[in-house]
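Pasting start.txt here (compact mmCIF, C-alpha atoms):
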```txt
# COMPACT_ATOMS: atom_id res chain seq x y z
CA MET A 241 -2.59 19.08 6.33
CA ASN A 242 0.32 21.38 6.08
CA THR A 243 3.31 19.06 6.10
CA ILE A 244 4.33 16.06 4.07
CA GLY A 245 4.64 14.16 7.34
CA GLU A 246 0.99 14.82 8.15
CA ARG A 247 0.01 13.70 4.66
CA ILE A 248 2.04 10.49 5.00
CA LYS A 249 0.31 9.79 8.31
CA LYS A 250 -3.10 10.33 6.65
CA ILE A 251 -2.25 7.79 3.95
CA ARG A 252 -1.10 5.28 6.55
CA THR A 253 -4.16 5.75 8.78
CA ASP A 254 -6.53 5.71 5.77
CA ALA A 255 -5.01 2.31 4.92
CA ASP A 256 -5.45 1.26 8.57
CA LEU A 257 -1.82 0.19 8.81
CA SER A 258 0.65 0.34 11.67
CA MET A 259 3.91 2.18 11.07
CA ASP A 260 5.61 -1.18 10.74
CA ALA A 261 3.12 -2.56 8.19
CA PHE A 262 3.12 0.69 6.21
CA GLY A 263 6.91 0.73 6.18
CA LYS A 264 7.09 -2.86 4.95
CA ARG A 265 4.78 -2.01 2.06
CA ILE A 266 7.10 0.80 0.90
CA GLY A 267 10.43 -0.70 1.92
CA VAL A 268 11.40 1.34 5.00
CA ASN A 269 11.43 0.55 8.72
CA SER A 270 8.89 1.79 11.26
CA SER A 271 11.31 4.20 12.94
CA SER A 272 11.80 5.92 9.58
CA ILE A 273 8.03 6.23 9.22
CA ALA A 274 7.79 7.80 12.68
CA LYS A 275 10.51 10.32 11.78
CA LEU A 276 8.77 11.16 8.52
CA GLU A 277 5.38 11.62 10.18
CA HIS A 278 6.82 13.83 12.92
CA GLY A 279 8.81 15.97 10.48
CA VAL A 280 12.19 14.90 11.82
CA ASN A 281 13.25 13.67 8.37
CA SER A 282 12.07 14.45 4.86
CA PRO A 283 11.29 11.49 2.62
CA ALA A 284 13.65 10.54 -0.17
CA GLU A 285 12.23 10.90 -3.67
CA ARG A 286 12.25 7.12 -4.01
CA THR A 287 10.10 6.83 -0.87
CA VAL A 288 7.66 9.45 -2.15
CA LYS A 289 7.31 7.62 -5.47
CA GLN A 290 6.87 4.28 -3.70
CA ILE A 291 4.07 5.70 -1.50
CA CYS A 292 2.37 7.13 -4.59
CA SER A 293 2.66 3.86 -6.46
CA VAL A 294 1.64 1.46 -3.69
CA PHE A 295 -1.22 3.55 -2.31
CA SER A 296 -2.40 5.28 -5.53
CA VAL A 297 -1.57 8.69 -4.09
CA ASN A 298 -1.46 11.88 -6.13
CA TYR A 299 2.19 13.00 -6.24
CA SER A 300 1.31 16.71 -6.14
CA TRP A 301 -0.89 16.23 -3.10
CA LEU A 302 1.76 14.26 -1.24
CA THR A 303 4.62 16.63 -2.00
CA GLU A 304 2.84 20.00 -2.10
CA GLY A 305 -0.61 19.44 -0.60
CA GLU A 306 -2.27 20.35 -3.90
CA GLY A 307 -5.20 18.49 -5.45
CA GLU A 308 -6.91 15.37 -4.23
CA PRO A 309 -5.08 12.83 -2.04
CA TYR A 310 -5.75 9.78 -4.13
CA SER A 311 -5.14 9.34 -7.81
CA ASN A 312 -7.61 7.64 -10.09
CA VAL A 313 -4.98 7.26 -12.76
CA GLY A 314 -5.12 3.73 -14.14
CA ASN A 315 -1.36 3.34 -14.04
CA THR A 316 -0.87 1.48 -10.77
CA ILE A 317 1.02 -1.76 -10.49
CA LEU A 318 -2.26 -3.56 -9.90
CA ASP A 319 -3.75 -2.10 -13.07
CA MET A 320 -0.71 -3.26 -15.03
CA LEU A 321 -1.08 -6.80 -13.64
CA VAL A 322 -4.79 -6.84 -14.47
CA ASP A 323 -4.02 -5.82 -18.04
CA GLU A 324 -1.04 -8.12 -18.49
CA TYR A 325 -2.78 -11.24 -17.17
CA ASN A 326 -6.27 -10.39 -18.44
CA LEU A 327 -7.73 -10.59 -14.93
CA SER A 328 -11.42 -10.10 -14.21
CA ASP A 329 -12.93 -7.40 -12.00
CA LEU A 330 -13.35 -10.05 -9.30
CA ASP A 331 -9.66 -10.99 -9.57
CA ARG A 332 -8.76 -7.32 -9.17
CA ARG A 333 -10.98 -6.90 -6.12
CA ILE A 334 -9.53 -10.03 -4.53
CA MET A 335 -6.01 -8.70 -5.07
CA GLN A 336 -6.94 -5.26 -3.70
CA MET A 337 -8.50 -6.78 -0.62
CA TYR A 338 -5.53 -9.08 -0.01
CA LEU A 339 -3.08 -6.20 -0.34
CA SER A 340 -5.03 -4.15 2.19
CA LEU A 341 -4.94 -6.89 4.85
CA THR A 342 -2.76 -6.67 7.92
CA ASP A 343 0.17 -9.05 8.29
CA ALA A 344 -1.82 -11.13 10.80
CA GLN A 345 -4.76 -11.42 8.40
CA ARG A 346 -2.45 -12.49 5.59
CA GLU A 347 -0.88 -15.11 7.85
CA GLY A 348 -4.37 -16.48 8.50
CA ILE A 349 -4.96 -16.83 4.77
CA HIS A 350 -1.54 -18.45 4.33
CA ALA A 351 -2.38 -21.00 7.04
CA PHE A 352 -5.73 -21.74 5.42
CA VAL A 353 -4.24 -22.23 1.95
CA ASN A 354 -1.34 -24.30 3.32
CA GLY A 355 -3.90 -26.51 5.08
CA MET A 356 -5.76 -27.01 1.82
CA ILE A 357 -2.52 -27.88 0.02
CA GLN A 358 -1.48 -30.34 2.71
CA SER A 359 -4.87 -32.09 2.69
CA GLU A 360 -4.66 -32.48 -1.07
CA ILE A 361 -1.15 -33.94 -0.87
CA GLU A 362 -2.13 -36.51 1.75
```
Final structure tokens representation of the file:
Amino acid sequence: MNTIGERIKKIRTDADLSMDAFGKRIGVNSSSIAKLEHGVNSPAERTVKQICSVFSVNYSWLTEGEGEPYSNVGNTILDMLVDEYNLSDLDRRIMQMYLSLTDAQREGIHAFVNGMIQSEIE
């Protein structure tokens, strides 16, 4: 993978996300993702840092192609939440799985939980 665009595409496809879903996770629109992946535009530093944070990507790999793609550094947002709220390993896995779901899958969970809430209210 020679370009940052190719590396961004790898991260997105590894996460099994559409351009739209990937963009929503990092705060940019799908057309911007397409331009990044095709080398039309270069990512802003903020976008690079967001990708690294959200997807646990090694900054050096993303920007320069050096090292391993994914970071095992325990400094992700999820790790901070686990520490701050004293969450169990199961809690962490549940959160990781939820965050990796597609929008449609999340909507299914939302409908299920809303149904449970409504049945309890009635």
Q.
Which residues are near Gly267 in chain A? Cut-off 12 Å, only C-alpha atoms, ignore same chain within fewer than 6 positions. Put them as a list in words.
A.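 Near Gly267 in chain A, the qualifying residues are Met259, Asp260, Ala261, Ile273, Ala284, Arg286, Thr287, Val288, Lys289, Gln290, Ile291 and Val294 of chain A.
Those residues positioned at most 12 Å from (5.6, 9.3, -5.5) are A:Ile244, A:Ile248, A:Ile266, A:Pro283, A:Ala284, A:Glu285, A:Arg286, A:Thr287, A:Val288, A:Lys289, A:Gln290, A:Ile291, A:Cys292, A:Ser293, A:Val294, A:Phe295, A:Ser296, A:Val297, A:Asn298, A:Tyr299, A:Ser300, A:Trp301, A:Leu302, A:Thr303, A:Glu304, A:Pro309, A:Tyr310, A:Ser311, A:Thr316, judged using all atoms listed in the file.
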Convert the current residue selection to file output with C-alpha atoms, as an mmCIF file, in the coordinates of the input.
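Once written, selection_8.cif looks like this:
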```
data_model
loop_
_atom_site.group_PDB
_atom_site.id
_atom_site.type_symbol
_atom_site.label_atom_id
_atom_site.label_comp_id
_atom_site.auth_asym_id
_atom_site.auth_seq_id
_atom_site.Cartn_x
_atom_site.Cartn_y
_atom_site.Cartn_z
ATOM 1 C CA ILE A 244 4.330 16.060 4.070
ATOM 2 C CA ILE A 248 2.040 10.490 5.000
ATOM 3 C CA ILE A 266 7.100 0.800 0.900
ATOM 4 C CA PRO A 283 11.290 11.490 2.620
ATOM 5 C CA ALA A 284 13.650 10.540 -0.170
ATOM 6 C CA GLU A 285 12.230 10.900 -3.670
ATOM 7 C CA ARG A 286 12.250 7.120 -4.010
ATOM 8 C CA THR A 287 10.100 6.830 -0.870
ATOM 9 C CA VAL A 288 7.660 9.450 -2.150
ATOM 10 C CA LYS A 289 7.310 7.620 -5.470
ATOM 11 C CA GLN A 290 6.870 4.280 -3.700
ATOM 12 C CA ILE A 291 4.070 5.700 -1.500
ATOM 13 C CA CYS A 292 2.370 7.130 -4.590
ATOM 14 C CA SER A 293 2.660 3.860 -6.460
ATOM 15 C CA VAL A 294 1.640 1.460 -3.690
ATOM 16 C CA PHE A 295 -1.220 3.550 -2.310
ATOM 17 C CA SER A 296 -2.400 5.280 -5.530
ATOM 18 C CA VAL A 297 -1.570 8.690 -4.090
ATOM 19 C CA ASN A 298 -1.460 11.880 -6.130
ATOM 20 C CA TYR A 299 2.190 13.000 -6.240
ATOM 21 C CA SER A 300 1.310 16.710 -6.140
ATOM 22 C CA TRP A 301 -0.890 16.230 -3.100
ATOM 23 C CA LEU A 302 1.760 14.260 -1.240
ATOM 24 C CA THR A 303 4.620 16.630 -2.000
ATOM 25 C CA GLU A 304 2.840 20.000 -2.100
ATOM 26 C CA PRO A 309 -5.080 12.830 -2.040
ATOM 27 C CA TYR A 310 -5.750 9.780 -4.130
ATOM 28 C CA SER A 311 -5.140 9.340 -7.810
ATOM 29 C CA THR A 316 -0.870 1.480 -10.770
#
```
Q: Give the answer as one residue: which of A:Asn281, A:Phe262, A:Leu327, A:Asn354 has the shortest atom-to-atom distance to Gly245 in chain A, using all atoms listed in the file?
A: A:Asn281
**Q.** Coordinates-based distance that separates CA of Ile317 in chain A from CA of Glu246 in chain A (Å, one decimal)
**A.** 24.9 Å
Q | Of the listed residues A:Leu276, A:Gly305, A:Arg265, A:Asp319, that which approaches Asp331 in chain A most closely, counting only C-alpha atoms | A | A:Asp319
Q) Taking all atoms listed in the file into account, which of A:Ala344, A:Glu277, A:Gly355, A:Ser271 comes nearest Thr253 in chain A? A)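 For Thr253 in chain A, the nearest of the given residues is A:Glu277.
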Q) In Å to one decimal, how far is CA of Gly348 in chain A from CA of Met335 in chain A? A)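 Calculated distance between CA of Met335 in chain A and CA of Gly348 in chain A is 15.7 Å.
In this structure, CA of His278 in chain A sits 18.1 Å away from CA of Asp256 in chain A.
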**Q.** Residue nearest Gly279 in chain A among A:Gly307, A:Glu362, A:Ala255, A:Lys249 (counting all atoms listed in the file)
**A.**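 Ranked by minimum distance to Gly279 in chain A, first place goes to A:Lys249.
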Range 271-285 of chain A from the block above, all heavy atoms, as a short mmCIF file (atom, residue, chain, number, x, y, z; two decimals), in the first residue's frame, please?
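Saved the output as out37.cif:
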```cif
data_model
loop_
_atom_site.label_atom_id
_atom_site.label_comp_id
_atom_site.auth_asym_id
_atom_site.auth_seq_id
_atom_site.Cartn_x
_atom_site.Cartn_y
_atom_site.Cartn_z
N SER A 271 -18.51 11.39 0.12
CA SER A 271 -17.78 11.89 -1.05
C SER A 271 -16.35 12.27 -0.67
O SER A 271 -15.42 12.10 -1.46
CB SER A 271 -18.52 13.06 -1.71
OG SER A 271 -18.58 14.17 -0.85
N SER A 272 -16.16 12.77 0.54
CA SER A 272 -14.81 13.07 1.02
C SER A 272 -13.99 11.79 1.16
O SER A 272 -12.80 11.77 0.83
CB SER A 272 -14.85 13.80 2.35
OG SER A 272 -15.43 15.07 2.20
N ILE A 273 -14.63 10.73 1.64
CA ILE A 273 -13.93 9.45 1.77
C ILE A 273 -13.51 8.96 0.39
O ILE A 273 -12.37 8.51 0.21
CB ILE A 273 -14.81 8.40 2.48
CG1 ILE A 273 -15.16 8.84 3.90
CG2 ILE A 273 -14.14 7.02 2.48
CD1 ILE A 273 -13.97 9.05 4.81
N ALA A 274 -14.39 9.04 -0.58
CA ALA A 274 -14.06 8.61 -1.95
C ALA A 274 -12.86 9.39 -2.48
O ALA A 274 -11.94 8.82 -3.06
CB ALA A 274 -15.27 8.78 -2.86
N LYS A 275 -12.85 10.70 -2.27
CA LYS A 275 -11.74 11.53 -2.74
C LYS A 275 -10.44 11.19 -2.03
O LYS A 275 -9.36 11.20 -2.64
CB LYS A 275 -12.07 13.01 -2.56
CG LYS A 275 -13.15 13.48 -3.53
CD LYS A 275 -13.53 14.93 -3.27
CE LYS A 275 -14.65 15.35 -4.21
NZ LYS A 275 -15.13 16.71 -3.92
N LEU A 276 -10.52 10.87 -0.74
CA LEU A 276 -9.33 10.47 -0.01
C LEU A 276 -8.79 9.14 -0.54
O LEU A 276 -7.59 9.00 -0.80
CB LEU A 276 -9.62 10.35 1.49
CG LEU A 276 -9.95 11.63 2.24
CD1 LEU A 276 -10.36 11.31 3.67
CD2 LEU A 276 -8.77 12.59 2.21
N GLU A 277 -9.69 8.17 -0.70
CA GLU A 277 -9.27 6.85 -1.15
C GLU A 277 -8.69 6.86 -2.55
O GLU A 277 -7.80 6.07 -2.87
CB GLU A 277 -10.44 5.86 -1.06
CG GLU A 277 -10.80 5.49 0.36
CD GLU A 277 -11.88 4.43 0.46
OE1 GLU A 277 -12.35 3.93 -0.60
OE2 GLU A 277 -12.27 4.11 1.59
N HIS A 278 -9.18 7.74 -3.40
CA HIS A 278 -8.71 7.81 -4.79
C HIS A 278 -7.56 8.79 -4.97
O HIS A 278 -7.09 9.00 -6.09
CB HIS A 278 -9.87 8.15 -5.72
CG HIS A 278 -10.86 7.05 -5.83
ND1 HIS A 278 -12.04 7.05 -5.11
CD2 HIS A 278 -10.84 5.88 -6.52
CE1 HIS A 278 -12.71 5.94 -5.38
NE2 HIS A 278 -12.00 5.22 -6.23
N GLY A 279 -7.09 9.40 -3.88
CA GLY A 279 -5.95 10.29 -3.95
C GLY A 279 -6.24 11.67 -4.51
O GLY A 279 -5.33 12.42 -4.82
N VAL A 280 -7.52 12.00 -4.65
CA VAL A 280 -7.89 13.33 -5.14
C VAL A 280 -7.56 14.38 -4.10
O VAL A 280 -7.04 15.45 -4.42
CB VAL A 280 -9.39 13.37 -5.52
CG1 VAL A 280 -9.82 14.77 -5.91
CG2 VAL A 280 -9.68 12.37 -6.64
N ASN A 281 -7.85 14.08 -2.85
CA ASN A 281 -7.56 14.98 -1.73
C ASN A 281 -6.67 14.27 -0.72
O ASN A 281 -6.70 13.04 -0.61
CB ASN A 281 -8.84 15.41 -1.02
CG ASN A 281 -9.70 16.33 -1.85
OD1 ASN A 281 -9.25 16.90 -2.84
ND2 ASN A 281 -10.95 16.47 -1.46
N SER A 282 -5.93 15.04 0.03
CA SER A 282 -5.16 14.52 1.16
C SER A 282 -5.97 14.79 2.43
O SER A 282 -6.61 15.83 2.54
CB SER A 282 -3.81 15.22 1.27
OG SER A 282 -3.03 14.92 0.14
N PRO A 283 -5.91 13.87 3.38
CA PRO A 283 -6.69 14.08 4.60
C PRO A 283 -6.11 15.19 5.47
O PRO A 283 -4.89 15.37 5.54
CB PRO A 283 -6.61 12.74 5.32
CG PRO A 283 -5.34 12.13 4.82
CD PRO A 283 -5.17 12.61 3.41
N ALA A 284 -6.99 15.91 6.12
CA ALA A 284 -6.56 16.90 7.11
C ALA A 284 -5.98 16.15 8.31
O ALA A 284 -6.33 14.99 8.57
CB ALA A 284 -7.76 17.75 7.55
N GLU A 285 -5.12 16.80 9.04
CA GLU A 285 -4.51 16.18 10.22
C GLU A 285 -5.57 15.72 11.21
O GLU A 285 -5.46 14.66 11.82
CB GLU A 285 -3.54 17.16 10.89
CG GLU A 285 -2.79 16.59 12.08
CD GLU A 285 -1.82 15.47 11.72
OE1 GLU A 285 -1.50 15.27 10.54
OE2 GLU A 285 -1.38 14.78 12.66
#
```
